[in-house]
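Q: Handing you this structure, nothing more for now.
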Amino acid sequence: MVISQRVVRKAVFPVAGLGTSILPATKAAPKELLTVVDKPLIHYAVEEAAAAGIREMIFVTSRNKRAIEDHFDKAYELETVLALQKRYELLGELRRLFPPDISYACVRQQEALGLGNAIACARAVVGDEPFAVVLADELIDAAKPGIAQLIDAFRWSGQSVLAAYRPNGYAGTPQGFVDGTPLGRRRYRVTSASSSPRSNASELALAGRFIFTSEIFDHLGPQDPNAEGEIDLVDALDGLLNEQQVLARELDGERFDCGTKLGYLAATLHYGLRHPQLGAPFAELVRQARTGRASIQIEARVAQRRFATRNERERLGIDPL
């Protein structure tokens with residue numbers, strides 16, 4: 001079968017990392033299975049790829065990530081119980097979340113050698129086709145899925161495409177930085193890539209979404225590890241730039257870095273408020289929590305006045321009740 005070199009059929013999910021930035025939550029549980037509202041992070045990532053038309057999902061795992069494979073396996077016992085209990089609506093929703101036309105494959109990353117090495121581990125499964133890379137700990141909430149935006153740019157150019165955003169305010173930890181020259185609406189030709197920001201006005205931060213041609217693999221194997229002992233994806237991008245053009249697509253939508261604790265909390269709040277069933281009651285819960293905090297502060301001041309001694313009241317400048 002001949003595959004068009006501008007059709008993206010496969011997505012690689014590097015999920016072998018230890019998730020040390022959000023310990024102790026990830027001490028025994030995979031980071032990618034942390035739940036935002038009612039779905040784990042990896043499920044959001046797979047849904048995004050599926051919504052972009054991708055039907056072959058490749059997980060790069062490690063020996064402690066078997067639960068990720070189990071999540072996407074068929075749960076015969078659970079479905080049987082739901083059917084016997086006549087909970088057909090829940091059963092239908094469960095089956096909808098796991099479409100039968102999607103296939104899953106797993107490869108192992110034997111050592112924690114970084115993102116570049118994790119992508120390289122998928123080479124035998126990907127072959128010579130273009131493919132997507134999705135980092136599950138980054139959520140992109142957009143009208144058009146983040147990967148779909150990159151695929152559009154890839155179909156237009158036939159070149160590797162990197163997801164990018166403007167680093168303003170809190171946005172978590174980027175995957176690197178690139179400089180580029182504009183090519184059209186939110187598209188740039190990448191001129192350089194680096195692991196650290198250079199404070200250039202044209203500089204873009206990299207998000208956890210990529211479309212690569214198979215040539216990227218030639219730059220992921222032979223390079224030496226960096227100071228942290230990892231194969232750096234940004235170093236591979238530098239090598240790729242010496243051979244061909246690479247594009248950056250500034251993403252539409254909101255990005256949440258759930259590999260950080262604050263980013264994970266921000267994503268939970270955002271997706272909770274947008275949930276079709278839970279959004280309204282959750283918004284009320286948030287409102288009550290904010291009101292409750294204010295009342296707690298008032299009660300604390302009253303208690304301080306009530307129980308402070310005269311000397312303490314004078315020292316603190318508290319008027320007696």
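Scheme for the structure tokens: letters A, B, ... for chains in order shown; per-chain residue numbers from 1; ligand numbers from 1 in order shown.
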Just the residues within 6 Å of segment 159-167 of chain A, please, counting only C-alpha atoms, with nothing from its chain fewer than 4 positions along; format it as a ChimeraX atom specification.
A: /A:154,204-207,209-213,246-250
Q: Now that the selection is made, can you save its residues with N, CA and C atoms as a short mmCIF file (atom, residue, chain, number, x, y, z; two decimals), in the first residue's frame?
A:
```
data_model
loop_
_atom_site.label_atom_id
_atom_site.label_comp_id
_atom_site.auth_asym_id
_atom_site.auth_seq_id
_atom_site.Cartn_x
_atom_site.Cartn_y
_atom_site.Cartn_z
N PHE A 154 1.25 20.96 7.87
CA PHE A 154 2.08 19.94 7.23
C PHE A 154 1.58 19.62 5.82
N LEU A 204 9.78 32.09 19.87
CA LEU A 204 8.59 31.34 20.24
C LEU A 204 8.98 30.18 21.16
N ALA A 205 8.11 29.86 22.10
CA ALA A 205 8.33 28.69 22.95
C ALA A 205 7.65 27.48 22.31
N LEU A 206 8.23 26.31 22.50
CA LEU A 206 7.70 25.08 21.92
C LEU A 206 6.71 24.42 22.86
N ALA A 207 5.55 24.08 22.33
CA ALA A 207 4.57 23.29 23.06
C ALA A 207 4.79 21.81 22.76
N ARG A 209 3.58 19.45 21.00
CA ARG A 209 2.94 18.89 19.81
C ARG A 209 3.89 19.06 18.63
N PHE A 210 4.08 17.99 17.85
CA PHE A 210 5.00 18.03 16.72
C PHE A 210 4.48 17.14 15.60
N ILE A 211 4.77 17.52 14.36
CA ILE A 211 4.65 16.64 13.21
C ILE A 211 6.05 16.52 12.61
N PHE A 212 6.54 15.30 12.52
CA PHE A 212 7.89 15.08 12.00
C PHE A 212 7.85 14.21 10.75
N THR A 213 8.73 14.52 9.82
CA THR A 213 9.03 13.56 8.76
C THR A 213 10.02 12.55 9.34
N VAL A 246 11.97 23.67 8.39
CA VAL A 246 11.07 23.24 9.45
C VAL A 246 10.15 24.42 9.75
N LEU A 247 8.87 24.14 9.94
CA LEU A 247 7.90 25.20 10.24
C LEU A 247 7.53 25.19 11.72
N ALA A 248 7.09 26.33 12.20
CA ALA A 248 6.46 26.44 13.51
C ALA A 248 5.06 26.97 13.31
N ARG A 249 4.11 26.41 14.00
CA ARG A 249 2.72 26.87 13.94
C ARG A 249 2.33 27.37 15.32
N GLU A 250 2.07 28.67 15.42
CA GLU A 250 1.61 29.24 16.68
C GLU A 250 0.17 28.79 16.92
#
```
Q: Hey, what does DSSP flag as strand (DSSP E) within segment 98-251 of chain A? Can you give it to me as an mmCIF file with C-alpha atoms, in the first residue's frame?
A:
```cif
data_model
loop_
_atom_site.group_PDB
_atom_site.id
_atom_site.type_symbol
_atom_site.label_atom_id
_atom_site.label_comp_id
_atom_site.auth_asym_id
_atom_site.auth_seq_id
_atom_site.Cartn_x
_atom_site.Cartn_y
_atom_site.Cartn_z
ATOM 1 C CA SER A 103 -5.259 0.639 17.272
ATOM 2 C CA TYR A 104 -2.622 0.824 20.003
ATOM 3 C CA ALA A 105 0.992 -0.292 20.051
ATOM 4 C CA CYS A 106 3.565 -0.098 22.852
ATOM 5 C CA VAL A 107 7.340 0.058 22.749
ATOM 6 C CA ARG A 108 9.701 0.242 25.709
ATOM 7 C CA PHE A 131 4.070 11.064 12.319
ATOM 8 C CA ALA A 132 2.769 13.159 15.197
ATOM 9 C CA VAL A 133 4.275 13.445 18.657
ATOM 10 C CA VAL A 134 1.916 14.341 21.511
ATOM 11 C CA GLU A 138 0.273 19.293 28.054
ATOM 12 C CA LEU A 139 -3.404 19.954 27.378
ATOM 13 C CA ILE A 140 -4.424 22.181 24.462
ATOM 14 C CA ASP A 141 -8.007 23.410 24.618
ATOM 15 C CA VAL A 161 5.948 21.339 11.957
ATOM 16 C CA LEU A 162 6.454 22.376 15.586
ATOM 17 C CA ALA A 163 3.699 23.714 17.838
ATOM 18 C CA ALA A 164 4.612 27.071 19.340
ATOM 19 C CA TYR A 165 3.174 29.751 21.608
ATOM 20 C CA PHE A 177 12.576 27.806 21.959
ATOM 21 C CA VAL A 178 12.772 28.675 18.269
ATOM 22 C CA ASP A 179 13.308 31.764 16.149
ATOM 23 C CA GLY A 180 11.464 32.088 12.866
ATOM 24 C CA THR A 181 10.459 34.307 9.996
ATOM 25 C CA PRO A 182 6.718 34.754 9.291
ATOM 26 C CA LEU A 183 5.180 32.833 6.378
ATOM 27 C CA GLY A 184 1.522 33.656 6.857
ATOM 28 C CA ARG A 187 3.101 30.125 10.505
ATOM 29 C CA TYR A 188 6.876 30.634 10.657
ATOM 30 C CA ARG A 189 9.943 29.188 9.012
ATOM 31 C CA VAL A 190 12.220 28.112 11.839
ATOM 32 C CA THR A 191 15.725 29.581 11.652
ATOM 33 C CA SER A 192 17.173 28.270 14.924
ATOM 34 C CA ALA A 193 16.296 26.156 17.960
ATOM 35 C CA SER A 194 17.625 26.304 21.515
ATOM 36 C CA LEU A 204 8.588 31.340 20.243
ATOM 37 C CA ALA A 205 8.326 28.688 22.950
ATOM 38 C CA LEU A 206 7.699 25.084 21.918
ATOM 39 C CA ALA A 207 4.565 23.292 23.060
ATOM 40 C CA GLY A 208 4.288 19.527 23.331
ATOM 41 C CA ARG A 209 2.943 18.888 19.814
ATOM 42 C CA PHE A 210 5.001 18.029 16.723
ATOM 43 C CA ILE A 211 4.649 16.638 13.207
ATOM 44 C CA PHE A 212 7.889 15.075 12.000
ATOM 45 C CA LEU A 247 7.902 25.198 10.241
ATOM 46 C CA ALA A 248 6.457 26.436 13.514
ATOM 47 C CA ARG A 249 2.724 26.869 13.940
ATOM 48 C CA GLU A 250 1.613 29.243 16.682
#
```
Q: As a PyMOL selection string, please: all residues of segment 15-235 of chain A that backbone DSSP puts in alpha helix (DSSP H).
A: chain A and resi 41-51+66-71+76-84+88-97+114-120+123-126+146-157+233-235
Q: Which residues are close to Leu91 of chain A, i.e. within 10 Å by only C-alpha atoms, leaving aside same-chain residues fewer than 3 positions away? Reply as a ChimeraX atom specification.
A: /A:78-83,86-88,94-96
Q: Using only C-alpha atoms, which residues sit within 12 Å of Val36 of chain A once same-chain residues fewer than 5 positions away are excluded, as a ChimeraX atom specification?
A: /A:31,41-45,136-139,256,258,263-275
Q: Let me see the file: selected residues, C-alpha atoms, as a short mmCIF file (atom, residue, chain, number, x, y, z; two decimals), in the first residue's frame.
A:
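And here's again-v6.cif as it stands now:
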```
data_model
loop_
_atom_site.label_atom_id
_atom_site.label_comp_id
_atom_site.auth_asym_id
_atom_site.auth_seq_id
_atom_site.Cartn_x
_atom_site.Cartn_y
_atom_site.Cartn_z
CA LYS A 31 1.72 11.01 35.55
CA LEU A 41 -4.29 13.16 30.76
CA ILE A 42 -3.34 10.43 28.28
CA HIS A 43 -6.99 10.04 27.30
CA TYR A 44 -7.25 13.73 26.42
CA ALA A 45 -4.10 13.33 24.31
CA ALA A 136 0.22 13.95 27.27
CA ASP A 137 1.06 16.24 30.18
CA GLU A 138 0.27 19.29 28.05
CA LEU A 139 -3.40 19.95 27.38
CA PHE A 256 -1.90 23.91 30.22
CA CYS A 258 0.07 19.60 33.69
CA GLY A 263 -0.52 24.02 35.64
CA TYR A 264 -2.40 20.89 36.71
CA LEU A 265 -4.59 22.93 39.07
CA ALA A 266 -5.23 25.50 36.33
CA ALA A 267 -6.30 22.75 33.92
CA THR A 268 -8.62 21.19 36.49
CA LEU A 269 -10.30 24.54 37.09
CA HIS A 270 -10.57 25.33 33.37
CA TYR A 271 -11.93 21.96 32.26
CA GLY A 272 -14.17 21.69 35.31
CA LEU A 273 -15.88 24.97 34.50
CA ARG A 274 -16.32 23.91 30.83
CA HIS A 275 -17.67 20.43 31.58
#
```
Q: Residues near segment 57-62 of chain A, anyone? I mean within 9 Å using only C-alpha atoms, not counting same-chain ones fewer than 5 positions away, as an NGL selection string.
A: :A and (9-17 or 46 or 49-50 or 68-69 or 102-112 or 118-119 or 121-122 or 125-126)
Q: Can those selected residues be exported to a file as a compact mmCIF listing (two decimals), in the first residue's frame so that it contains N, CA and C atoms?
A:
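Result file follows (selection_31.txt):
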```txt
# COMPACT_ATOMS: atom_id res chain seq x y z
N ARG A 9 -0.79 9.27 9.81
CA ARG A 9 -1.64 8.19 10.32
C ARG A 9 -1.28 7.76 11.74
N LYS A 10 -0.09 8.12 12.21
CA LYS A 10 0.41 7.59 13.48
C LYS A 10 0.78 8.73 14.43
N ALA A 11 0.53 8.48 15.70
CA ALA A 11 0.92 9.43 16.74
C ALA A 11 1.74 8.70 17.79
N VAL A 12 2.83 9.32 18.21
CA VAL A 12 3.71 8.77 19.23
C VAL A 12 3.49 9.54 20.53
N PHE A 13 3.30 8.80 21.62
CA PHE A 13 3.08 9.39 22.94
C PHE A 13 4.22 8.96 23.86
N PRO A 14 5.20 9.83 24.12
CA PRO A 14 6.28 9.47 25.04
C PRO A 14 5.77 9.52 26.48
N VAL A 15 5.56 8.37 27.09
CA VAL A 15 4.95 8.31 28.42
C VAL A 15 5.81 7.53 29.41
N ALA A 16 7.12 7.48 29.18
CA ALA A 16 8.00 6.67 30.03
C ALA A 16 8.61 7.45 31.18
N GLY A 17 8.39 8.78 31.21
CA GLY A 17 9.06 9.61 32.22
C GLY A 17 8.60 9.33 33.63
N VAL A 46 -4.97 11.22 23.47
CA VAL A 46 -5.40 10.29 22.42
C VAL A 46 -6.65 10.83 21.72
N ALA A 49 -5.60 13.40 19.17
CA ALA A 49 -5.04 12.79 17.96
C ALA A 49 -6.13 12.16 17.11
N ALA A 50 -7.07 11.49 17.76
CA ALA A 50 -8.17 10.84 17.03
C ALA A 50 -9.05 11.87 16.33
N ILE A 68 -1.13 2.32 31.79
CA ILE A 68 -1.55 3.09 30.62
C ILE A 68 -2.08 2.15 29.55
N GLU A 69 -1.39 1.04 29.32
CA GLU A 69 -1.87 0.04 28.36
C GLU A 69 -3.22 -0.50 28.79
N ILE A 102 -9.58 2.43 16.45
CA ILE A 102 -8.27 2.92 16.85
C ILE A 102 -7.41 1.75 17.33
N SER A 103 -6.18 1.69 16.85
CA SER A 103 -5.26 0.64 17.27
C SER A 103 -4.17 1.24 18.17
N TYR A 104 -3.63 0.39 19.05
CA TYR A 104 -2.62 0.82 20.00
C TYR A 104 -1.42 -0.10 19.92
N ALA A 105 -0.25 0.48 20.01
CA ALA A 105 0.99 -0.29 20.05
C ALA A 105 1.87 0.30 21.15
N CYS A 106 2.69 -0.54 21.77
CA CYS A 106 3.56 -0.10 22.85
C CYS A 106 5.00 -0.53 22.57
N VAL A 107 5.92 0.38 22.80
CA VAL A 107 7.34 0.06 22.75
C VAL A 107 7.97 0.55 24.05
N ARG A 108 9.07 -0.08 24.45
CA ARG A 108 9.70 0.24 25.71
C ARG A 108 10.91 1.15 25.52
N GLN A 109 11.00 2.15 26.39
CA GLN A 109 12.23 2.93 26.53
C GLN A 109 12.99 2.32 27.69
N GLN A 110 14.12 1.70 27.40
CA GLN A 110 14.84 0.93 28.40
C GLN A 110 15.48 1.80 29.48
N GLU A 111 15.91 2.99 29.11
CA GLU A 111 16.53 3.91 30.06
C GLU A 111 15.91 5.29 29.93
N ALA A 112 15.95 6.04 31.03
CA ALA A 112 15.40 7.40 31.03
C ALA A 112 16.40 8.35 30.39
N ALA A 118 13.18 8.86 23.62
CA ALA A 118 11.86 8.23 23.63
C ALA A 118 11.25 8.20 22.24
N ILE A 119 11.36 9.31 21.51
CA ILE A 119 10.84 9.34 20.13
C ILE A 119 11.59 8.36 19.25
N CYS A 121 12.80 5.57 20.05
CA CYS A 121 12.37 4.20 20.35
C CYS A 121 11.21 3.75 19.47
N ALA A 122 10.46 4.70 18.91
CA ALA A 122 9.29 4.37 18.09
C ALA A 122 9.64 4.19 16.62
N VAL A 125 8.30 1.12 14.62
CA VAL A 125 6.84 1.09 14.45
C VAL A 125 6.38 2.17 13.48
N VAL A 126 7.02 3.32 13.52
CA VAL A 126 6.64 4.43 12.65
C VAL A 126 7.05 4.17 11.21
```
Q: Between A:Asp252, A:Glu129, A:Glu203, A:Asp235, which has the minimum distance to Gly114 of chain A (counting only C-alpha atoms)?
A: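 The shortest atom-to-atom distance to Gly114 of chain A comes from A:Asp235.
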